[in-house]
Structures are given as structure tokens and as C-alpha cells.
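Below is the file upload_15.cif, which contains mmCIF, C-alpha atoms and all ligand atoms.
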data_entry
#
loop_
_atom_site.label_atom_id
_atom_site.label_comp_id
_atom_site.auth_asym_id
_atom_site.auth_seq_id
_atom_site.Cartn_x
_atom_site.Cartn_y
_atom_site.Cartn_z
CA MET A 1 -4.99 22.25 19.90
CA SER A 2 -5.61 19.87 22.79
CA ASN A 3 -7.21 17.55 20.25
CA THR A 4 -3.94 17.36 18.40
CA ARG A 5 -2.11 16.61 21.61
CA ASN A 6 -4.59 13.86 22.55
CA ARG A 7 -4.30 12.21 19.15
CA PHE A 8 -0.53 12.47 19.17
CA ASP A 9 -0.30 10.94 22.65
CA HIS A 10 -2.76 8.22 21.71
CA ILE A 11 -0.85 7.21 18.57
CA ASN A 12 2.45 7.16 20.40
CA HIS A 13 0.83 4.99 23.04
CA ARG A 14 -0.49 2.55 20.40
CA ILE A 15 2.97 2.36 18.83
CA GLU A 16 4.63 1.76 22.18
CA GLN A 17 2.15 -0.94 23.18
CA ALA A 18 2.47 -2.76 19.85
CA PHE A 19 6.24 -2.52 20.09
CA ASN A 20 6.35 -3.90 23.63
CA ASN A 21 3.93 -6.71 22.79
CA SER A 22 6.01 -7.71 19.78
CA GLY A 23 9.11 -8.45 21.83
CA ARG A 24 11.21 -6.69 19.20
CA SER A 25 14.72 -5.55 19.90
CA LEU A 26 15.07 -2.01 21.18
CA THR A 27 17.84 -1.33 18.70
CA ASP A 28 15.48 -0.80 15.77
CA PRO A 29 12.70 1.45 16.94
CA VAL A 30 9.60 2.61 15.07
CA THR A 31 9.46 6.08 13.53
CA LEU A 32 6.10 7.80 13.39
CA LEU A 33 5.62 9.46 10.00
CA ALA A 34 2.85 12.05 10.25
CA VAL A 35 0.96 12.01 6.93
CA SER A 36 -0.07 15.63 6.53
CA LYS A 37 -1.58 15.51 3.02
CA HIS A 38 -4.62 17.78 2.77
CA HIS A 39 -3.82 19.29 6.17
CA SER A 40 -2.64 22.84 6.66
CA LEU A 41 0.74 24.09 7.75
CA ASP A 42 -0.90 25.19 11.03
CA LYS A 43 -1.60 21.57 11.88
CA ILE A 44 1.94 20.60 10.96
CA GLN A 45 3.22 23.34 13.25
CA ALA A 46 1.04 22.11 16.12
CA LEU A 47 2.60 18.65 15.83
CA TYR A 48 6.05 20.13 15.39
CA ASP A 49 5.62 21.92 18.72
CA LEU A 50 4.90 18.53 20.32
CA GLY A 51 8.19 17.18 18.97
CA GLN A 52 7.15 15.56 15.67
CA ARG A 53 9.79 15.93 12.93
CA ASP A 54 8.93 13.44 10.15
CA PHE A 55 6.09 14.49 7.82
CA GLY A 56 4.74 12.65 4.76
CA GLU A 57 3.05 14.22 1.74
CA SER A 58 1.36 12.65 -1.30
CA TYR A 59 0.62 15.57 -3.60
CA LEU A 60 3.64 17.42 -4.90
CA GLN A 61 2.17 20.87 -5.58
CA GLU A 62 0.50 21.04 -2.19
CA ALA A 63 3.61 19.72 -0.48
CA MET A 64 5.95 22.21 -2.15
CA GLU A 65 3.81 25.11 -0.97
CA LYS A 66 3.93 23.89 2.61
CA ILE A 67 7.64 23.13 2.45
CA SER A 68 8.44 26.59 1.12
CA GLN A 69 6.31 28.25 3.81
CA SER A 70 7.54 26.10 6.66
CA PRO A 71 9.80 28.04 9.06
CA TYR A 72 11.46 24.84 10.30
CA SER A 73 14.68 23.65 8.75
CA ASP A 74 14.79 20.40 10.74
CA ILE A 75 11.60 18.80 9.43
CA ILE A 76 12.31 15.63 7.47
CA TRP A 77 9.97 15.56 4.47
CA HIS A 78 8.92 12.20 3.01
CA PHE A 79 7.21 11.84 -0.37
CA ILE A 80 4.73 8.93 -0.26
CA GLY A 81 2.38 9.56 -3.21
CA PRO A 82 2.15 8.39 -6.81
CA ILE A 83 5.05 9.71 -8.91
CA GLN A 84 4.73 11.07 -12.43
CA SER A 85 8.07 10.94 -14.18
CA ASN A 86 8.05 14.66 -15.02
CA LYS A 87 7.90 15.44 -11.28
CA THR A 88 11.00 13.59 -10.16
CA LYS A 89 13.26 16.64 -10.23
CA ASP A 90 11.10 18.59 -7.78
CA ILE A 91 10.75 15.53 -5.58
CA ALA A 92 14.52 14.97 -5.51
CA GLN A 93 15.06 18.62 -4.61
CA HIS A 94 12.48 19.03 -1.86
CA PHE A 95 12.35 15.72 -0.04
CA GLN A 96 14.83 13.67 1.98
CA TRP A 97 12.87 10.42 1.60
CA VAL A 98 10.80 8.90 -1.21
CA HIS A 99 8.70 5.87 -0.22
CA SER A 100 6.79 5.33 -3.45
CA VAL A 101 9.41 4.38 -6.04
CA ASP A 102 7.46 1.88 -8.11
CA ARG A 103 9.26 1.80 -11.48
CA ILE A 104 12.88 1.55 -12.54
CA LYS A 105 12.48 4.68 -14.64
CA ILE A 106 11.57 6.69 -11.54
CA ALA A 107 14.61 5.39 -9.67
CA ARG A 108 16.89 6.33 -12.60
CA ARG A 109 15.47 9.85 -12.79
CA LEU A 110 15.63 10.49 -9.02
CA SER A 111 19.24 9.33 -9.10
CA SER A 112 20.30 11.59 -11.94
CA GLN A 113 18.31 14.58 -10.70
CA ASN A 114 19.44 14.53 -7.08
CA SER A 115 21.91 17.36 -7.12
CA GLY A 116 22.04 17.68 -3.32
CA THR A 117 24.99 16.79 -1.17
CA SER A 118 23.44 13.69 0.40
CA PRO A 119 21.88 10.63 -1.18
CA LEU A 120 18.09 10.51 -1.40
CA ASN A 121 16.60 7.87 0.92
CA ILE A 122 14.51 5.47 -1.14
CA CYS A 123 11.93 2.82 -0.38
CA LEU A 124 10.79 0.56 -3.19
CA GLN A 125 7.04 0.20 -3.25
CA ILE A 126 5.85 -3.41 -3.48
CA ASN A 127 2.38 -4.52 -4.56
CA ILE A 128 2.38 -7.18 -1.87
CA SER A 129 -1.29 -8.16 -2.16
CA GLN A 130 -0.91 -8.42 -5.96
CA GLU A 131 -3.87 -6.18 -6.69
CA PRO A 132 -4.18 -5.49 -10.42
CA GLN A 133 -4.72 -1.71 -10.23
CA LYS A 134 -2.29 -0.99 -7.43
CA SER A 135 1.15 0.47 -8.07
CA GLY A 136 4.31 -1.18 -6.92
CA PHE A 137 6.78 -3.80 -8.08
CA SER A 138 5.66 -7.41 -8.09
CA HIS A 139 7.83 -10.03 -6.40
CA ASN A 140 9.36 -11.07 -9.73
CA GLU A 141 9.88 -7.53 -10.97
CA ILE A 142 11.82 -6.44 -7.92
CA PHE A 143 14.30 -9.29 -8.27
CA ALA A 144 14.72 -8.40 -11.94
CA VAL A 145 15.53 -4.71 -11.37
CA MET A 146 17.40 -4.78 -8.07
CA GLU A 147 20.83 -5.21 -9.60
CA GLU A 148 20.39 -2.04 -11.61
CA ILE A 149 18.78 -0.05 -8.79
CA ILE A 150 21.59 -0.66 -6.33
CA LYS A 151 24.14 0.64 -8.81
CA LEU A 152 22.39 4.01 -9.23
CA PRO A 153 24.38 6.87 -7.69
CA ASN A 154 22.93 9.49 -5.29
CA LEU A 155 20.37 7.08 -3.84
CA ALA A 156 20.39 5.26 -0.51
CA ILE A 157 18.20 2.18 -0.97
CA ARG A 158 16.76 2.01 2.53
CA GLY A 159 14.02 -0.59 2.22
CA LEU A 160 10.53 -1.49 1.10
CA MET A 161 7.12 0.12 1.38
CA THR A 162 3.68 -1.36 0.87
CA ILE A 163 -0.01 -0.47 1.02
CA PRO A 164 -1.73 -3.85 1.37
CA ALA A 165 -5.32 -4.61 0.44
CA PRO A 166 -7.41 -3.21 3.31
CA SER A 167 -8.61 -5.67 5.90
CA ASN A 168 -10.00 -5.36 9.41
CA ASP A 169 -8.73 -8.79 10.36
CA PHE A 170 -5.52 -8.72 12.41
CA THR A 171 -4.31 -12.09 11.10
CA ARG A 172 -4.89 -11.09 7.48
CA GLN A 173 -3.16 -7.76 8.05
CA LYS A 174 -0.14 -9.55 9.50
CA VAL A 175 0.18 -11.90 6.51
CA ALA A 176 0.88 -9.04 4.07
CA PHE A 177 3.35 -7.33 6.42
CA CYS A 178 5.13 -10.60 7.10
CA GLN A 179 5.52 -11.10 3.33
CA LEU A 180 7.13 -7.67 2.99
CA ARG A 181 9.56 -8.40 5.84
CA GLU A 182 10.52 -11.74 4.30
CA LEU A 183 10.97 -10.15 0.89
CA MET A 184 13.39 -7.60 2.32
CA GLN A 185 15.35 -10.39 4.03
CA GLN A 186 15.59 -12.30 0.73
CA LEU A 187 16.70 -9.22 -1.18
CA ASN A 188 19.27 -8.31 1.46
CA GLN A 189 20.68 -11.82 1.28
CA GLN A 190 20.68 -12.27 -2.48
CA PHE A 191 22.09 -8.83 -3.32
CA GLU A 192 24.25 -8.44 -0.20
CA LEU A 193 22.42 -5.33 0.98
CA ASN A 194 21.73 -3.79 4.36
CA MET A 195 18.24 -2.41 3.78
CA ASP A 196 16.88 -1.48 7.22
CA THR A 197 13.50 0.13 6.56
CA LEU A 198 10.03 -1.39 6.37
CA SER A 199 7.56 1.41 5.67
CA MET A 200 4.27 -0.26 6.48
CA GLY A 201 1.22 0.31 8.67
CA MET A 202 -1.36 3.10 8.62
CA SER A 203 -4.07 4.27 11.06
CA ASN A 204 -6.02 1.01 10.80
CA ASP A 205 -3.28 -1.57 10.85
CA LEU A 206 -0.26 -0.15 12.64
CA GLU A 207 -0.36 -2.83 15.36
CA ALA A 208 -0.12 -5.65 12.81
CA ALA A 209 2.66 -3.83 10.95
CA ILE A 210 4.73 -3.24 14.10
CA THR A 211 4.25 -6.87 15.14
CA GLU A 212 5.79 -7.84 11.80
CA GLY A 213 8.72 -5.44 12.03
CA ALA A 214 7.63 -2.05 10.63
CA THR A 215 10.29 0.61 11.19
CA ILE A 216 8.18 3.48 9.81
CA VAL A 217 4.41 3.72 10.25
CA ARG A 218 2.60 6.27 8.08
CA ILE A 219 -0.28 7.77 10.05
CA GLY A 220 -2.77 10.32 8.73
CA THR A 221 -6.35 10.09 9.95
CA ALA A 222 -5.61 8.91 13.49
CA LEU A 223 -3.25 11.84 13.99
CA PHE A 224 -4.97 14.72 12.19
CA GLY A 225 -8.60 13.66 12.16
CA PRO A 226 -10.54 13.47 8.88
CA ARG A 227 -8.81 15.18 5.95
CA GLU A 228 -10.03 18.62 4.86
CA ASP A 229 -10.76 17.51 1.29
C1 LIG B 1 -2.84 8.77 3.13
C2 LIG B 1 -1.76 7.75 3.25
C3 LIG B 1 -1.43 7.21 4.51
C4 LIG B 1 -2.17 7.54 5.79
O1 LIG B 1 -3.33 6.80 5.85
P1 LIG B 1 -4.32 6.91 7.12
O2 LIG B 1 -5.22 5.73 6.94
O3 LIG B 1 -5.02 8.20 7.02
O4 LIG B 1 -3.48 6.78 8.35
C5 LIG B 1 -0.36 6.32 4.56
N1 LIG B 1 0.32 5.98 3.44
C6 LIG B 1 0.03 6.47 2.23
C7 LIG B 1 0.84 6.05 1.05
C8 LIG B 1 -1.02 7.37 2.10
O5 LIG B 1 -1.31 7.85 0.87
#

Output the structure of this file as C-alpha cells.
Ligand SMILES: *Cc1c(COP(=O)(O)O)cnc(C)c1O
Amino acid sequence: MSNTRNRFDHINHRIEQAFNNSGRSLTDPVTLLAVSKHHSLDKIQALYDLGQRDFGESYLQEAMEKISQSPYSDIIWHFIGPIQSNKTKDIAQHFQWVHSVDRIKIARRLSSQNSGTSPLNICLQINISQEPQKSGFSHNEIFAVMEEIIKLPNLAIRGLMTIPAPSNDFTRQKVAFCQLRELMQQLNQQFELNMDTLSMGMSNDLEAAITEGATIVRIGTALFGPRED
């Protein structure tokens, strides 16, 4: 398990360095979301023992098995994968956060099917690089549906999430993340909201994302090693 510890320390170090270099205010820190898709509960437990509490899953069936077997009641489970509309009930019941809300229909269903005592934390997924096959609201779509989304009960609209077109160029990476930050500012202003979450940055681009204001980075490979799939 020393491998796990080394990776965990290394990622936390990268996050801390990027944060310090960015000159950001200490009042909105960065949360590390450990993306455990295709990794076993054993590996989740190893990270839990090191203090990790936020875990992200993309595949509902796999996630529900791990959640039901997990002995820990204080893990915060985040759903980050593609959402089929017939799966929203299970998602609303098992997860505290959903990062991948990409259609108004999904938001409506999560709202009506959340029978828990607290609102479900929601990020709206934005197709920031405007790639044809990628899911997420476009810039125009999000302005068109926001009024309806914020009226839905049982949801806390926390912010925006994006998976930009991959790039190894730091400047290019920053452009997409900067666009997401500016979009959240515009939406907050126009609709008088207090969204506080930018879910952006993965193993390859977390530094650029943190420089541009990420509050949650979603890290899989750099934390767990290659996926067992
Ligand atoms: C798998 C996945 C990640 C983690 O990506 P890595 O490159 O392995 O860090 C982050 N976000 C989403 C939505 C994912 O599906």
C-alpha cells in the first residue's frame, strides 16, 4: 500500500503547489475527488485510511455495489458519469453529489426523485470546448434552461463541471478552464445565484484548472494507477 500513499502524497503536493502559485484566496480551497471507477473497494479503503473522504464513480451498477459494501458512513459519493434517464432514481438515492447533469430532463428527474432529507448537490456539465460528440450544455443552452433549473426543489445548484478537449499545452488547458470560470460568474450575476463550485481538472491538467479557480479536481489515474479494466 506504500504505492497508494506515495501517489496520494504526490497529488496533494501538486494541488498545494498549484494553489500556492495561483495566489488564490485561502477561503476557497480545492477538494480532491478520488475517481475510483474500475478500482476495487480495497483501494478505496486504503485511501480512506489516509484521510480521503470524497470518491467519484462513473458507472452506476459498479458504484452501487461498492457503496453497499462500504463500511464507512462518512464517505461522500459523487456521481460523475453519463446519466441515462432511467437511472436517476438510484443516483438520487445513493449519491450526495452529481457532477454530470447535462440535460434539463435529468435535472427534473433528480429533483423529483430525491426523497432524502437534504438537497442533492448538482453541477451542470458544460461542453466548453464545443465538441460535437461530447455531452454537456452549450453556452446558449445553459442560459436558456437556468431559470427552470434553479426553481427545481430538492437540488442545490452548486456549480459547473467540464471535461475539455484534451491538450498537453498548459496555455490551451487554461483557456477552457478560464471560460468555465467566466461562465459561472455570468450565470451567478444574471440569475442572482451563489454557485461556488468549479469541478474541473483531471490527472493531466489539474495545475491549469487550479490556476483558473477549480474548487474540485477529479483525479483517477494519478491516484490509483492504471485502471483495472
Ligand atoms: C475518469 C474520469 C476522471 C479521472 O480522469 P484521470 O485522467 O484518470 O484522472 C475525471 N472526470 C471524469 C468525468 C472521469 O470520467

May I have the residues within 8 Å of Gln52 (chain A) as a list in words, using only C-alpha atoms and disregarding those fewer than 4 positions away in the same chain?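 Near neighbours after the sequence-gap exclusion: Ala34, Leu47 and Tyr48 of chain A.
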
Excluding same-chain residues fewer than 3 positions from Arg103 (chain A), what lies within 9 Å of it counting only C-alpha atoms, as an NGL selection string? :A and (106-108 or 124-125 or 135-137)

Could you pull out the residues sitting within 10 Å of ligand LIG 1 (chain B), using all atoms listed in the file, and write them as a PyMOL selection string? chain A and resi 33-38+56-59+79-82+99-100+125+161-163+166+199-206+217-227

A:Thr197, A:Gln113, A:Ser68, A:Gln186 ranked by distance to Ser85 (chain A), top pick (using all atoms listed in the file):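 Going through A:Thr197, A:Gln113, A:Ser68, A:Gln186 one by one, the smallest distance to Ser85 (chain A) is for A:Gln113.
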
CA of Ile157 (chain A) to CA of Thr211 (chain A): how many Å, to one decimal?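 Taking CA of Ile157 (chain A) as the start and CA of Thr211 (chain A) as the end point, the length is 23.2 Å.
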
Between A:His139, A:Leu160, A:Gly213, A:Arg5, which is the closest to Pro29 (chain A) once you count all atoms listed in the file? A:Gly213

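Distance annotation: of A:Asn154, A:Ser73, A:Asn121, A:Ser138, the residue with the minimal separation from Arg109 (chain A) is A:Asn154; atom set is all atoms listed in the file.
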
Step by step, gather every atom of region 13-31 of chain A that the file lists, find the box along x, y and z that holds them, add 3 Å on each side, and finally give centre and edge lengths in Å to one decimal, as JSON.
{"center_x": 8.7, "center_y": -1.2, "center_z": 18.6, "size_x": 24.3, "size_y": 20.5, "size_z": 16.1}

Which residues are near Lys89 (chain A)? Cut-off 7 Å, all atoms listed in the file, ignore same chain within fewer than 2 positions. Put them as a PyMOL selection string. chain A and resi 87+91-93+110+113

Take CA of Leu120 (chain A) and CA of Thr88 (chain A) and report the distance between them in Å, one decimal.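 For CA of Leu120 (chain A) relative to CA of Thr88 (chain A), the distance reads 11.7 Å.
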
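You will find CA of Phe191 (chain A) at 12.8 Å from CA of Gly159 (chain A).
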
Counting only C-alpha atoms, which residue out of A:Phe8, A:Phe95, A:Phe143, A:Phe170 sits closest to Ile44 (chain A)?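 Closest residue, counting only C-alpha atoms: A:Phe8.
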
Which residue gives the smallest distance to Ala18 (chain A) among A:Val98, A:Ala209, A:Ile75, A:Ala63, with all atoms listed in the file counted?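 Comparing A:Val98, A:Ala209, A:Ile75, A:Ala63 against Ala18 (chain A), the winner is A:Ala209.
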
Within 12 Å of Asp28 (chain A) using only C-alpha atoms, minus same-chain residues under 5 positions, as a PyMOL selection string: chain A and resi 19+23+196-198+210+213-216

Considering only C-alpha atoms, can you say which of A:Lys134, A:Glu141, A:His78, A:Ser118 comes closest to Met64 (chain A)?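 Among the listed residues, the smallest separation from Met64 (chain A) belongs to A:His78.
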
Within 7 Å of Glu212 (chain A), counting only C-alpha atoms, which residues qualify if same-chain residues fewer than 5 places away don't, as a PyMOL selection string? chain A and resi 174+177-178
